[in-house]
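Peer 1: Take a look at this one; I'll ask things after.
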Amino acid sequence: MTDVPAPRPRPGSELRAGHTDREAVAERLREAAGDGRIDLEELDERLEKAFAAKTYGDLEALVADLPGQDPAGLAPSDREPLALRTVAGDVRQDGHWVVPERITAKTTLGRIVLDFTRAECRHREVFVELDAGMGEIKVVVPRGWTVRAEGVTSGMGSVRNRATEPPVPGMPVLRISGGSKVGTIVVRHPYRWPGRRSRD
């Protein structure tokens with residue numbers, strides 16, 4: 001396989017990519033193969049890397065030598081929904097990222113951390129649907145945000161909202177729905193002292 005040229009790093013390339021981003025790149029690769037730009041062996045190799053990609057930079061590298069949409073077009077959007085899913089592994093959405101209006105997080109046996117502490121949120125309301133199954137989902141919300149747990153259900157599991165500090169007018173409202181069967185859902189603020197370990 002010919003080495004794929006590495007694109008010039010750009011702001012946002014280190015942000016986490018989602019399922020829709022990976023599928024969009026996979027579709028571009030399939031079209032390139034159909035046009036004869038890459039052979040089937042190379043298509044398989046790039047598709048494998050696309051579905052294993054963790055950041056926008058990883059995805060950009062796979063289409064940098066293909067005509068069409070500029071790699072910068074892969075920039076994260078605050079309009080496309082974000083879907084986090086795992087069966088038994090760990091998934092984290094943290095650091096600096098752009099918050100879309102709708103987010104879903106689903107785990108069967110694994111663990112998902114959805115951390116808004118350093119996120120960029122341009123929406124007045126953000127809708128988050130959680131499905132903890134038999135796993136664990138933690139949502140970390142900045143102080144000042146409003147958390148509305150609307151119709152969140154729990155079977156044999158537990159749902160705890162610890163983000164109960166007074167909201168700040170004008171800050172985002174997080175509307176949480178869904179629930180857990182046997183798993184755990186915890187919503188909390190960031191710890192005030194860096195390095196403190198969670199007891200949740």
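In the structure tokens, chains take the letters A, B, ... in the order shown, each chain's residues start at 1, and ligands count up from 1 in the order shown.
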If you run DSSP on this backbone, which residues of segment 2-199 of chain A come out as helix (DSSP H, G or I), and could you give them as a PyMOL selection string?

Peer 2: chain A and resi 19-34+40-52+56-63+71-74

Peer 1: Go ahead and write the selection's residues with N, CA and C atoms as a CSV table (one decimal), in the first residue's frame.

Peer 2:
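Output contents, as saved in again-v3.csv:
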chain,number,residue,atom,x,y,z
A,19,HIS,N,-19.2,8.2,15.1
A,19,HIS,CA,-19.6,7.2,14.1
A,19,HIS,C,-20.0,7.8,12.8
A,20,THR,N,-20.7,8.9,12.8
A,20,THR,CA,-21.1,9.5,11.5
A,20,THR,C,-19.9,10.0,10.7
A,21,ASP,N,-18.9,10.5,11.4
A,21,ASP,CA,-17.7,11.0,10.8
A,21,ASP,C,-16.9,9.8,10.1
A,22,ARG,N,-16.8,8.7,10.9
A,22,ARG,CA,-16.1,7.5,10.3
A,22,ARG,C,-16.9,7.0,9.1
A,23,GLU,N,-18.2,6.9,9.2
A,23,GLU,CA,-19.0,6.4,8.0
A,23,GLU,C,-18.9,7.3,6.8
A,24,ALA,N,-18.8,8.7,7.0
A,24,ALA,CA,-18.7,9.6,5.9
A,24,ALA,C,-17.3,9.4,5.2
A,25,VAL,N,-16.3,9.2,5.9
A,25,VAL,CA,-15.0,8.9,5.3
A,25,VAL,C,-15.0,7.6,4.6
A,26,ALA,N,-15.6,6.6,5.2
A,26,ALA,CA,-15.7,5.2,4.6
A,26,ALA,C,-16.4,5.3,3.2
A,27,GLU,N,-17.5,6.2,3.2
A,27,GLU,CA,-18.2,6.3,1.9
A,27,GLU,C,-17.3,7.0,0.9
A,28,ARG,N,-16.5,8.0,1.3
A,28,ARG,CA,-15.6,8.6,0.3
A,28,ARG,C,-14.6,7.6,-0.2
A,29,LEU,N,-14.1,6.7,0.7
A,29,LEU,CA,-13.2,5.7,0.2
A,29,LEU,C,-13.8,4.7,-0.7
A,30,ARG,N,-15.0,4.4,-0.5
A,30,ARG,CA,-15.7,3.4,-1.4
A,30,ARG,C,-15.9,4.1,-2.8
A,31,GLU,N,-16.3,5.4,-2.8
A,31,GLU,CA,-16.4,6.1,-4.0
A,31,GLU,C,-15.1,6.2,-4.8
A,32,ALA,N,-14.0,6.4,-4.0
A,32,ALA,CA,-12.7,6.5,-4.7
A,32,ALA,C,-12.3,5.1,-5.3
A,33,ALA,N,-12.6,4.0,-4.6
A,33,ALA,CA,-12.4,2.7,-5.2
A,33,ALA,C,-13.2,2.5,-6.4
A,34,GLY,N,-14.5,2.9,-6.4
A,34,GLY,CA,-15.3,2.8,-7.6
A,34,GLY,C,-14.8,3.6,-8.8
A,40,LEU,N,-8.7,-2.4,-4.4
A,40,LEU,CA,-9.6,-3.0,-3.4
A,40,LEU,C,-8.8,-3.4,-2.2
A,41,GLU,N,-7.5,-3.8,-2.3
A,41,GLU,CA,-6.7,-4.1,-1.2
A,41,GLU,C,-6.4,-2.8,-0.3
A,42,GLU,N,-6.2,-1.7,-1.0
A,42,GLU,CA,-6.0,-0.4,-0.3
A,42,GLU,C,-7.3,0.0,0.3
A,43,LEU,N,-8.4,-0.2,-0.4
A,43,LEU,CA,-9.7,0.2,0.2
A,43,LEU,C,-9.9,-0.5,1.5
A,44,ASP,N,-9.6,-1.9,1.6
A,44,ASP,CA,-9.8,-2.6,2.8
A,44,ASP,C,-8.9,-2.1,3.9
A,45,GLU,N,-7.7,-1.7,3.6
A,45,GLU,CA,-6.8,-1.2,4.6
A,45,GLU,C,-7.2,0.1,5.2
A,46,ARG,N,-7.7,1.0,4.2
A,46,ARG,CA,-8.1,2.3,4.7
A,46,ARG,C,-9.4,2.2,5.5
A,47,LEU,N,-10.3,1.4,5.0
A,47,LEU,CA,-11.6,1.2,5.8
A,47,LEU,C,-11.3,0.7,7.2
A,48,GLU,N,-10.4,-0.2,7.3
A,48,GLU,CA,-10.1,-0.7,8.7
A,48,GLU,C,-9.6,0.4,9.6
A,49,LYS,N,-8.7,1.3,9.0
A,49,LYS,CA,-8.2,2.4,9.8
A,49,LYS,C,-9.3,3.4,10.0
A,50,ALA,N,-10.2,3.6,9.1
A,50,ALA,CA,-11.3,4.6,9.3
A,50,ALA,C,-12.2,4.2,10.4
A,51,PHE,N,-12.6,3.0,10.5
A,51,PHE,CA,-13.5,2.5,11.6
A,51,PHE,C,-12.8,2.4,12.9
A,52,ALA,N,-11.4,2.4,12.9
A,52,ALA,CA,-10.7,2.4,14.1
A,52,ALA,C,-10.2,3.8,14.5
A,56,TYR,N,-10.4,13.4,14.4
A,56,TYR,CA,-10.6,14.0,13.0
A,56,TYR,C,-9.3,13.9,12.3
A,57,GLY,N,-8.1,14.1,12.9
A,57,GLY,CA,-6.8,14.0,12.3
A,57,GLY,C,-6.6,12.7,11.7
A,58,ASP,N,-7.0,11.6,12.4
A,58,ASP,CA,-6.8,10.2,11.9
A,58,ASP,C,-7.6,10.0,10.6
A,59,LEU,N,-8.8,10.6,10.6
A,59,LEU,CA,-9.7,10.4,9.4
A,59,LEU,C,-9.2,11.3,8.2
A,60,GLU,N,-8.7,12.5,8.5
A,60,GLU,CA,-8.2,13.4,7.5
A,60,GLU,C,-7.0,12.7,6.7
A,61,ALA,N,-6.2,12.0,7.4
A,61,ALA,CA,-5.0,11.4,6.8
A,61,ALA,C,-5.4,10.3,5.8
A,62,LEU,N,-6.6,9.8,5.9
A,62,LEU,CA,-7.1,8.7,5.0
A,62,LEU,C,-7.6,9.2,3.7
A,63,VAL,N,-8.0,10.5,3.6
A,63,VAL,CA,-8.6,11.1,2.4
A,63,VAL,C,-7.8,12.2,1.9
A,71,PRO,N,-10.2,18.1,3.3
A,71,PRO,CA,-10.2,17.4,4.6
A,71,PRO,C,-10.7,18.3,5.7
A,72,ALA,N,-10.6,19.6,5.5
A,72,ALA,CA,-11.1,20.5,6.6
A,72,ALA,C,-12.6,20.4,6.7
A,73,GLY,N,-13.3,19.9,5.7
A,73,GLY,CA,-14.7,19.7,5.7
A,73,GLY,C,-15.1,18.7,6.8
A,74,LEU,N,-14.2,17.9,7.3
A,74,LEU,CA,-14.4,17.0,8.3
A,74,LEU,C,-14.5,17.6,9.7

Peer 1: Considering only C-alpha atoms, return as number ranges by chain whatever protein or nucleic-acid residues lie within 7 Å of segment 116-127 of chain A, sequence-local ones (same chain, fewer than 6 positions apart) excluded.

Peer 2: A: 94-99, 101-103, 140-142, 172-176, 190

Peer 1: Just how far from atom CA of Ala83 of chain A is atom CA of Ala17 of chain A, in Å to one decimal?

Peer 2: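 So the answer is 10.0 Å.
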
Peer 1: Set the distance at 6 Å and use only C-alpha atoms: which residues neighbour Asp131 of chain A once local chain neighbours fewer than 2 positions away are removed? I'd like the list as JSON, numbers by chain.

Peer 2: {"A": [106, 133, 178, 179, 180]}

Peer 1: Take the selection from the previous step and output its residues with all heavy atoms, as a PDB file, in the first residue's frame.

Peer 2:
ATOM      1  N   LYS A 106     -24.793   4.866  24.785  1.00  0.00           N
ATOM      2  CA  LYS A 106     -25.355   3.540  25.073  1.00  0.00           C
ATOM      3  C   LYS A 106     -24.229   2.555  25.358  1.00  0.00           C
ATOM      4  O   LYS A 106     -23.278   2.437  24.593  1.00  0.00           O
ATOM      5  CB  LYS A 106     -26.190   3.048  23.890  1.00  0.00           C
ATOM      6  CG  LYS A 106     -26.825   1.679  24.122  1.00  0.00           C
ATOM      7  CD  LYS A 106     -27.695   1.276  22.948  1.00  0.00           C
ATOM      8  CE  LYS A 106     -28.355  -0.081  23.198  1.00  0.00           C
ATOM      9  NZ  LYS A 106     -29.235  -0.487  22.071  1.00  0.00           N
ATOM     10  N   GLY A 133     -27.701   0.127  30.294  1.00  0.00           N
ATOM     11  CA  GLY A 133     -27.722  -1.327  30.254  1.00  0.00           C
ATOM     12  C   GLY A 133     -27.261  -1.918  31.573  1.00  0.00           C
ATOM     13  O   GLY A 133     -27.811  -1.658  32.635  1.00  0.00           O
ATOM     14  N   GLY A 178     -33.796   8.702  29.194  1.00  0.00           N
ATOM     15  CA  GLY A 178     -33.288   7.338  29.100  1.00  0.00           C
ATOM     16  C   GLY A 178     -33.287   6.661  30.447  1.00  0.00           C
ATOM     17  O   GLY A 178     -34.179   6.876  31.268  1.00  0.00           O
ATOM     18  N   GLY A 179     -32.265   5.841  30.703  1.00  0.00           N
ATOM     19  CA  GLY A 179     -32.194   5.164  31.989  1.00  0.00           C
ATOM     20  C   GLY A 179     -31.230   4.000  31.980  1.00  0.00           C
ATOM     21  O   GLY A 179     -30.399   3.861  31.093  1.00  0.00           O
ATOM     22  N   SER A 180     -31.335   3.180  33.019  1.00  0.00           N
ATOM     23  CA  SER A 180     -30.460   2.024  33.157  1.00  0.00           C
ATOM     24  C   SER A 180     -31.276   0.816  33.560  1.00  0.00           C
ATOM     25  O   SER A 180     -32.283   0.942  34.263  1.00  0.00           O
ATOM     26  CB  SER A 180     -29.371   2.315  34.190  1.00  0.00           C
ATOM     27  OG  SER A 180     -29.656   1.766  35.423  1.00  0.00           O
TER      28      SER A 180
END

Peer 1: At what distance in Å, to one decimal, does atom CA of Val87 of chain A lie from atom CA of Arg188 of chain A?

Peer 2: 23.5 Å

Peer 1: Counting only C-alpha atoms, what is within 9 Å of Ile185 of chain A, bar same-chain residues fewer than 6 positions away, as a list in words?

Peer 2: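 Near Ile185 of chain A, the qualifying residues are Leu130, Asp131, Ala132, Gly135, Glu136, Ile137, Lys138, Val139, Gly157, Ser158, Val159, Arg160, Asn161 and Gly179 of chain A.
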